[in-house]
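Undergrad: As input, take model.txt (compact mmCIF, C-alpha atoms):
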# COMPACT_ATOMS: atom_id res chain seq x y z
CA MET Q 1 38.27 -31.46 13.67
CA ARG Q 2 38.11 -29.31 10.55
CA LYS Q 3 34.44 -28.51 11.23
CA SER Q 4 35.30 -27.42 14.78
CA PHE Q 5 38.14 -25.25 13.52
CA THR Q 6 35.83 -23.68 10.94
CA LYS Q 7 33.27 -22.87 13.65
CA ILE Q 8 35.94 -21.32 15.86
CA THR Q 9 37.41 -19.17 13.08
CA SER Q 10 33.93 -18.18 11.94
CA GLY Q 11 33.06 -17.18 15.50
CA LEU Q 12 36.24 -15.15 15.81
CA ALA Q 13 35.46 -13.37 12.54
CA VAL Q 14 31.98 -12.47 13.76
CA ALA Q 15 33.37 -11.27 17.09
CA ALA Q 16 35.94 -9.10 15.32
CA ALA Q 17 33.24 -7.68 13.07
CA LEU Q 18 31.07 -6.82 16.07
CA VAL Q 19 33.98 -5.08 17.81
CA SER Q 20 34.64 -3.09 14.64
CA MET Q 21 30.96 -2.18 14.27
CA THR Q 22 30.70 -1.12 17.91
CA ALA Q 23 33.79 1.09 17.69
CA LEU Q 24 32.50 2.75 14.52
CA ALA Q 25 29.02 3.26 15.93
CA GLU Q 26 30.41 4.76 19.13
CA GLU Q 27 32.58 7.13 17.13
CA GLU Q 28 29.68 8.20 14.88
CA GLY Q 29 27.06 7.96 17.60
CA VAL Q 30 28.23 10.68 19.95
CA MET Q 31 25.10 12.64 20.80
CA ASN Q 32 26.14 15.87 19.08
CA GLY Q 33 22.79 16.90 17.65
CA ASP Q 34 20.65 19.92 18.46
CA PRO Q 35 17.17 18.66 19.41
CA ALA Q 36 15.70 22.17 18.98
CA ASN Q 37 16.64 22.30 15.30
CA GLY Q 38 15.66 18.64 14.97
CA LYS Q 39 12.21 19.46 16.29
CA LYS Q 40 11.82 22.28 13.77
CA ILE Q 41 12.65 19.94 10.88
CA PHE Q 42 10.49 17.14 12.31
CA THR Q 43 7.45 19.40 12.70
CA GLU Q 44 7.95 21.87 9.84
CA GLY Q 45 10.19 20.17 7.28
CA LYS Q 46 13.04 21.69 5.31
CA GLY Q 47 13.34 22.49 1.61
CA ALA Q 48 11.56 19.87 -0.48
CA ALA Q 49 11.24 17.64 2.56
CA PRO Q 50 7.90 17.93 4.38
CA ALA Q 51 7.64 17.62 8.14
CA CYS Q 52 8.76 14.17 9.30
CA MET Q 53 5.64 13.98 11.45
CA THR Q 54 3.50 13.94 8.29
CA CYS Q 55 4.26 10.24 7.90
CA HIS Q 56 5.89 9.24 11.17
CA GLY Q 57 3.32 10.86 13.45
CA ALA Q 58 3.60 13.73 15.90
CA THR Q 59 5.06 11.45 18.55
CA GLY Q 60 7.33 9.56 16.15
CA TRP Q 61 5.48 6.26 16.59
CA GLY Q 62 4.96 5.72 12.86
CA THR Q 63 1.90 5.17 10.68
CA GLU Q 64 0.72 1.65 9.95
CA ALA Q 65 -1.25 2.48 6.79
CA MET Q 66 1.77 4.12 5.14
CA GLY Q 67 4.26 1.54 6.35
CA ALA Q 68 6.11 4.41 8.04
CA PRO Q 69 8.23 3.13 10.92
CA ARG Q 70 8.44 4.20 14.50
CA LEU Q 71 11.39 6.57 14.96
CA ASN Q 72 10.77 7.30 18.63
CA ASN Q 73 13.84 6.22 20.64
CA LEU Q 74 15.28 3.78 18.10
CA GLY Q 75 18.79 4.92 18.96
CA PHE Q 76 20.72 8.01 17.89
CA PRO Q 77 23.49 6.35 15.81
CA TYR Q 78 20.99 4.13 14.00
CA ILE Q 79 18.80 7.03 12.84
CA VAL Q 80 21.87 9.03 11.78
CA LYS Q 81 23.11 6.06 9.76
CA GLN Q 82 19.76 5.48 8.05
CA LEU Q 83 19.33 9.13 7.08
CA THR Q 84 22.91 9.22 5.76
CA ASP Q 85 22.47 5.96 3.83
CA LEU Q 86 19.24 7.32 2.31
CA ALA Q 87 20.88 10.60 1.34
CA GLU Q 88 23.94 8.91 -0.16
CA GLY Q 89 22.15 6.17 -2.08
CA ARG Q 90 23.01 3.17 0.07
CA ARG Q 91 19.36 2.62 0.92
CA THR Q 92 16.63 2.97 -1.70
CA PRO Q 93 13.21 2.02 -0.31
CA SER Q 94 10.22 1.09 -2.42
CA GLY Q 95 6.55 1.95 -1.96
CA ALA Q 96 5.71 5.00 0.12
CA GLY Q 97 9.29 5.05 1.42
CA ALA Q 98 10.66 5.71 -2.08
CA VAL Q 99 10.51 9.45 -1.33
CA MET Q 100 12.92 9.17 1.59
CA PRO Q 101 16.21 9.51 -0.35
CA LEU Q 102 15.02 12.85 -1.77
CA PHE Q 103 13.89 14.03 1.65
CA ALA Q 104 17.14 12.95 3.32
CA GLN Q 105 19.13 14.83 0.68
CA GLN Q 106 17.50 18.06 1.86
CA LEU Q 107 19.25 17.64 5.20
CA THR Q 108 22.84 18.51 5.97
CA PRO Q 109 24.89 16.05 8.03
CA GLN Q 110 24.25 18.25 11.06
CA ASP Q 111 20.51 18.35 10.31
CA ARG Q 112 20.49 14.54 10.32
CA ARG Q 113 22.14 14.50 13.72
CA ASP Q 114 19.68 17.12 14.95
CA VAL Q 115 16.62 15.16 13.82
CA SER Q 116 18.08 11.99 15.30
CA ALA Q 117 18.70 13.74 18.62
CA TYR Q 118 15.13 15.03 18.66
CA VAL Q 119 13.37 11.73 17.93
CA ASN Q 120 15.60 10.02 20.47
CA SER Q 121 14.44 12.51 23.09
CA LEU Q 122 10.70 11.97 22.60
CA PRO Q 123 8.79 10.42 25.50
CA LEU Q 124 8.19 6.70 25.11
CA ASP Q 125 4.74 6.87 26.65
CA PRO Q 126 1.95 6.78 25.76
CA LYS Q 127 2.77 3.99 23.34
CA GLU Q 128 1.10 3.82 19.94
CA LEU Q 129 1.45 0.15 19.07
CA SER Q 130 0.18 -1.70 16.04
CA ASP Q 131 -3.44 -2.80 16.30
CA LEU Q 132 -2.99 -6.37 15.16
CA GLN Q 133 -6.69 -7.19 15.30
CA ALA Q 134 -7.50 -4.23 13.05
CA ILE Q 135 -4.76 -5.32 10.64
CA LYS Q 136 -6.22 -8.82 10.53
CA ASP Q 137 -9.77 -7.51 10.14
CA GLY Q 138 -8.53 -5.38 7.24
CA GLY Q 139 -7.51 -8.50 5.35
CA GLN Q 140 -3.77 -8.43 5.99
CA PRO Q 141 -2.35 -11.68 7.33
CA ILE Q 142 -0.67 -11.71 10.71
CA GLY Q 143 1.33 -14.42 12.38
CA THR Q 144 1.07 -16.60 15.45
CA ARG Q 145 2.34 -14.73 18.48
CA TYR Q 146 3.76 -17.66 20.46
CA LYS Q 147 5.72 -18.87 17.43
CA GLY Q 148 7.11 -15.37 17.00
CA GLU Q 149 8.13 -15.30 20.65
CA ILE Q 150 10.09 -18.51 20.15
CA LEU Q 151 11.94 -17.00 17.19
CA VAL Q 152 12.66 -13.75 19.01
CA LYS Q 153 13.80 -15.30 22.28
CA TYR Q 154 15.29 -18.63 21.26
CA GLY Q 155 15.64 -18.85 17.49
CA VAL Q 156 15.41 -22.23 15.79
CA SER Q 157 18.25 -24.70 16.22
CA GLY Q 158 20.12 -25.27 12.98
CA LYS Q 159 18.13 -22.58 11.19
CA VAL Q 160 18.31 -19.12 12.68
CA SER Q 161 19.61 -17.46 15.84
CA ALA Q 162 17.40 -15.61 18.30
CA CYS Q 163 16.59 -11.98 17.43
CA MET Q 164 17.42 -11.03 21.00
CA SER Q 165 20.98 -12.30 20.62
CA CYS Q 166 21.72 -9.03 18.79
CA HIS Q 167 18.74 -6.77 19.45
CA GLY Q 168 18.37 -7.42 23.15
CA TYR Q 169 15.45 -8.68 25.20
CA ASN Q 170 12.26 -8.52 23.11
CA GLY Q 171 14.07 -6.38 20.58
CA ARG Q 172 14.52 -3.42 22.92
CA GLY Q 173 17.83 -2.56 21.30
CA ALA Q 174 21.53 -2.96 22.04
CA ALA Q 175 23.13 0.44 21.58
CA PRO Q 176 25.15 1.62 19.82
CA VAL Q 177 25.04 -1.02 17.07
CA PHE Q 178 21.65 -2.75 17.09
CA PRO Q 179 18.42 -0.72 16.91
CA VAL Q 180 15.18 -1.21 18.75
CA ILE Q 181 12.89 -3.56 16.83
CA GLY Q 182 10.44 -4.24 19.64
CA GLU Q 183 7.22 -2.20 19.55
CA GLN Q 184 8.03 -1.29 15.95
CA LYS Q 185 5.14 -1.08 13.50
CA PHE Q 186 4.02 -4.52 12.28
CA THR Q 187 3.78 -3.59 8.60
CA TYR Q 188 7.24 -2.02 8.62
CA LEU Q 189 8.79 -5.07 10.28
CA VAL Q 190 7.24 -7.39 7.70
CA ASN Q 191 8.31 -5.19 4.80
CA GLN Q 192 11.89 -4.84 6.02
CA LEU Q 193 12.35 -8.56 6.66
CA HIS Q 194 11.17 -9.23 3.11
CA ASN Q 195 13.51 -6.53 1.82
CA TRP Q 196 16.47 -8.00 3.67
CA ARG Q 197 15.58 -11.45 2.36
CA ASP Q 198 15.38 -10.41 -1.29
CA GLU Q 199 18.31 -7.99 -0.87
CA SER Q 200 16.37 -4.98 -2.08
CA ARG Q 201 17.67 -3.51 1.17
CA ALA Q 202 21.38 -4.05 1.64
CA ASN Q 203 22.73 -1.43 4.04
CA ASP Q 204 23.21 -3.85 6.92
CA PRO Q 205 26.76 -4.06 8.33
CA TYR Q 206 28.54 -7.18 7.12
CA GLY Q 207 25.31 -8.46 5.54
CA MET Q 208 24.12 -9.76 8.89
CA MET Q 209 20.41 -9.10 8.42
CA ARG Q 210 20.40 -10.43 4.87
CA ALA Q 211 21.98 -13.67 6.06
CA ILE Q 212 19.37 -14.05 8.80
CA ALA Q 213 16.37 -13.10 6.66
CA LYS Q 214 17.28 -15.58 3.92
CA LYS Q 215 16.57 -18.35 6.41
CA LEU Q 216 13.10 -17.08 7.26
CA SER Q 217 9.91 -18.28 5.58
CA ASP Q 218 6.94 -15.98 4.96
CA GLU Q 219 5.32 -17.55 8.01
CA ASP Q 220 8.42 -16.93 10.13
CA ILE Q 221 8.40 -13.27 9.13
CA LEU Q 222 4.74 -12.82 10.05
CA ASP Q 223 5.23 -14.65 13.35
CA ALA Q 224 8.28 -12.59 14.38
CA ALA Q 225 6.63 -9.30 13.40
CA THR Q 226 3.45 -10.24 15.25
CA TYR Q 227 5.35 -10.82 18.47
CA LEU Q 228 7.77 -7.90 18.17
CA ALA Q 229 5.07 -5.34 17.34
CA THR Q 230 3.64 -5.59 20.86
CA ALA Q 231 6.49 -7.22 22.80
CA PRO Q 232 6.90 -5.73 26.29
CA ARG Q 233 10.04 -3.65 26.74
CA THR Q 234 11.04 -5.14 30.06
CA THR Q 235 10.99 -8.41 31.91
CA GLU Q 236 7.98 -9.01 34.15
CA GLY Q 237 8.16 -6.92 37.32
CA ASN Q 238 10.96 -4.72 35.96
CA THR Q 239 9.87 -1.09 35.84
CA ARG Q 240 13.04 0.18 34.22
CA VAL Q 241 12.58 1.65 30.76
CA PRO Q 242 15.37 0.54 28.38
CA ASN Q 243 17.12 2.66 25.75
CA THR Q 244 16.64 5.97 27.56
CA THR Q 245 20.31 6.96 27.49
CA ARG Q 246 20.53 10.28 25.72
What is this file in structure tokens?

TA:
Amino acid sequence: MRKSFTKITSGLAVAAALVSMTALAEEEGVMNGDPANGKKIFTEGKGAAPACMTCHGATGWGTEAMGAPRLNNLGFPYIVKQLTDLAEGRRTPSGAGAVMPLFAQQLTPQDRRDVSAYVNSLPLDPKELSDLQAIKDGGQPIGTRYKGEILVKYGVSGKVSACMSCHGYNGRGAAPVFPVIGEQKFTYLVNQLHNWRDESRANDPYGMMRAIAKKLSDEDILDAATYLATAPRTTEGNTRVPNTTR
């Protein structure tokens, strides 16, 4: 009886947290950016910050070798939040991403909204997905795709919930709270899951990603990233493109 009560109260707490997160994201996620100014910053830079496209690519699909993520259509409120967290010290990446806090600090709050509006307006096609075979041939381990699909779609009973329970089908995003993780760069996905697991990244609302990542093995992380990096955006036969709301 006590266990059932604990599960119910825990579920209610999670539900309340999600409602709170959604309300906050909707309030902060109103599309009030100027894509024209965002394009100027993305392609030319501002102050000490070089053009975003230098690392993230002209189409915003990211750069595997640098571990630079796809920004293209990840969701307006998510990009605004990440740029703000970087600028205000709530997210401090390592590696090549260690320069991002300095770059984000060159942008005003309105600039951040403008850049976010621009990258969220970029065309989704043609896609520039991770070349998993090239990654493997280069000596970097990859996972097993079917095992990753199981994690993404179904989770593992008693261990971890399905990625799609928050991030939508094949990680295509669940605006305004949960970003797109499908068709994200493989290297970035692997790095971020490790960062969530060791808590070197800790700007997730209510610690949700850290709690999930702590349950993942190195193999789990490679498997999930392998599937998500090339996961189709839609169900078979569905021609609708998700996450196109501007």

Undergrad: I need the residue nearest Lys40 in chain Q from this list: Q:Val99, Q:Ser94, Q:Met53, Q:Asn72. Use only C-alpha atoms for the distance.

TA: Q:Met53

Undergrad: Compare Q:Ser157, Q:Gln192, Q:Thr84, Q:Thr43 by their minimum atom-to-atom distance to Ala58 in chain Q, counting only C-alpha atoms, and give me the closest one.

TA: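 Of Q:Ser157, Q:Gln192, Q:Thr84, Q:Thr43, the one nearest Ala58 in chain Q, counting only C-alpha atoms, is Q:Thr43.
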
Undergrad: Between Q:Gln105, Q:Asn32, Q:Ser121, Q:Ser200, which has the minimum distance to Leu74 in chain Q (counting all atoms listed in the file)?

TA: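 Looking at the shortest contact to Leu74 in chain Q, the residue is Q:Ser121.
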
Undergrad: Write out as a list of chain:residue names each polymer residue whose atoms come within 10 Å of Met209 in chain Q, counting all atoms listed in the file; drop sequence neighbours fewer than 6 positions from it.

TA: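 Final neighbour list, sorted by chain and number: Q:Gln192, Q:Leu193, Q:Asn195, Q:Trp196, Q:Arg197, Q:Glu199, Q:Arg201, Q:Ala202, Q:Asn203.
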
Undergrad: By how many Å are CA of Ile221 in chain Q and CA of Val177 in chain Q apart?

TA: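 Interatomic distance here is 22.1 Å.
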
Undergrad: Considering only C-alpha atoms, state which residue in the set Q:Ser161, Q:Thr230, Q:Ser116, Q:Asn191 is at the smallest distance from Met66 in chain Q.

TA: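 The shortest atom-to-atom distance to Met66 in chain Q comes from Q:Asn191.
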
Undergrad: Please compute the CA of Lys147 in chain Q-CA of Ala224 in chain Q distance, one decimal, in Å.

TA: 7.4 Å

Undergrad: Which residue is closest to Tyr169 in chain Q? Choose from Q:Ile212, Q:Ala231, Q:Cys52, Q:Ala104 and count all atoms listed in the file.

TA: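 For Tyr169 in chain Q, the nearest of the candidates is Q:Ala231.
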